[in-house]
Amino acid sequence: MSICRTTIMETHTKEDLDLMLADYIENFDSMFPEAELALSVRVSPTTWINNSVYADQDTVESTGSGARQKFRDKYEKSIKELTTHVGEVVFQK
C-alpha cells in the first residue's frame with residue numbers, strides 16, 4: 001500500500017520560498033530517490049504544499065531523517081510554519 005507524506009510550509013518571505021523551491025527542485029532526485037511520485041504546489045507567494053508518495057510506511061519513515069532533515073535545518077530560519085501529514089493513498093490515477 002502506497003503512503004503519501006503531505007507537507008504544508010509557509011516561509012517568512014517570497015524570496016525565502018524562491019530559494020527553497022529552486023534548491024528542492026534541483027536536488028529532489030538525489031535527496032529522495034525512494035519517492036514514487038512528487039507533486040509540489042505553490043499556493044501563495046510564501047506557501048508551498050508538497051506531496052510525496054512512497055511504497056510503504058517504512059520507506060516514508062526512512063526518509064524522515066537524512067536529506068529531509070538536512071534540508072529543513074538548512075532553511076530553518078526561512079520557515080515560518082511547517083505541518084506534515086502522512087496517510088494511505090486511497091486513489092491514484
# chains A, B, ... in the order shown; residues from 1 in each chain; ligands from 1

$ residues_around --residues "segment 69-71 of chain A" --least-positions-apart "5" --cutoff "10 Å" --atoms "only C-alpha atoms" --output "PyMOL selection string"
chain A and resi 20+23-24+31+63-64+76

$ residues_around --residues "Glu61 of chain A" --least-positions-apart "4" --cutoff "10 Å" --atoms "only C-alpha atoms" --output "list in words"
Arg5, Tyr54, Asp56, Gln57, Ser65 and Val86 of chain A

$ write_last_selection --atoms "C-alpha atoms" --output "PDB file, in the first residue's frame"
ATOM      1  CA  ARG A   5       3.572  12.479   3.063  1.00  0.00           C
ATOM      2  CA  TYR A  54       6.368   6.162  -1.215  1.00  0.00           C
ATOM      3  CA  ASP A  56       5.145   1.878   2.237  1.00  0.00           C
ATOM      4  CA  GLN A  57       5.303   3.337   5.739  1.00  0.00           C
ATOM      5  CA  SER A  65      15.959  11.862   8.731  1.00  0.00           C
ATOM      6  CA  VAL A  86       1.134  11.081   6.479  1.00  0.00           C
TER       7      VAL A  86
END

$ residues_around --residues "Ser44 of chain A" --least-positions-apart "4" --cutoff "10 Å" --atoms "only C-alpha atoms" --output "ChimeraX atom specification"
/A:10,14,17,48-49

$ write_last_selection --atoms "C-alpha atoms" --output "CSV table (one decimal), in the first residue's frame"
chain,number,residue,atom,x,y,z
A,10,GLU,CA,4.9,28.8,5.0
A,14,LYS,CA,8.6,35.2,-1.1
A,17,LEU,CA,10.4,30.3,-0.7
A,48,TRP,CA,4.0,25.6,-0.6
A,49,ILE,CA,2.3,22.2,-0.4

$ select_by_dssp --residues "chain A" --states "helix (DSSP H, G or I)" --output "JSON, numbers by chain"
{"A": [14, 15, 16, 17, 18, 19, 20, 21, 22, 23, 24, 25, 26, 27, 28, 29, 30, 31, 57, 58, 59, 60, 61, 62, 67, 68, 69, 70, 71, 72, 73, 74]}

$ atom_distance --atom1 "atom CA of Thr13 of chain A" --atom2 "atom CA of Pro45 of chain A"
7.7 Å

$ closest_residue --among "A:Glu15, A:Ile79, A:Phe28, A:Thr6" --to "Ser52 of chain A" --atoms "only C-alpha atoms"
A:Thr6
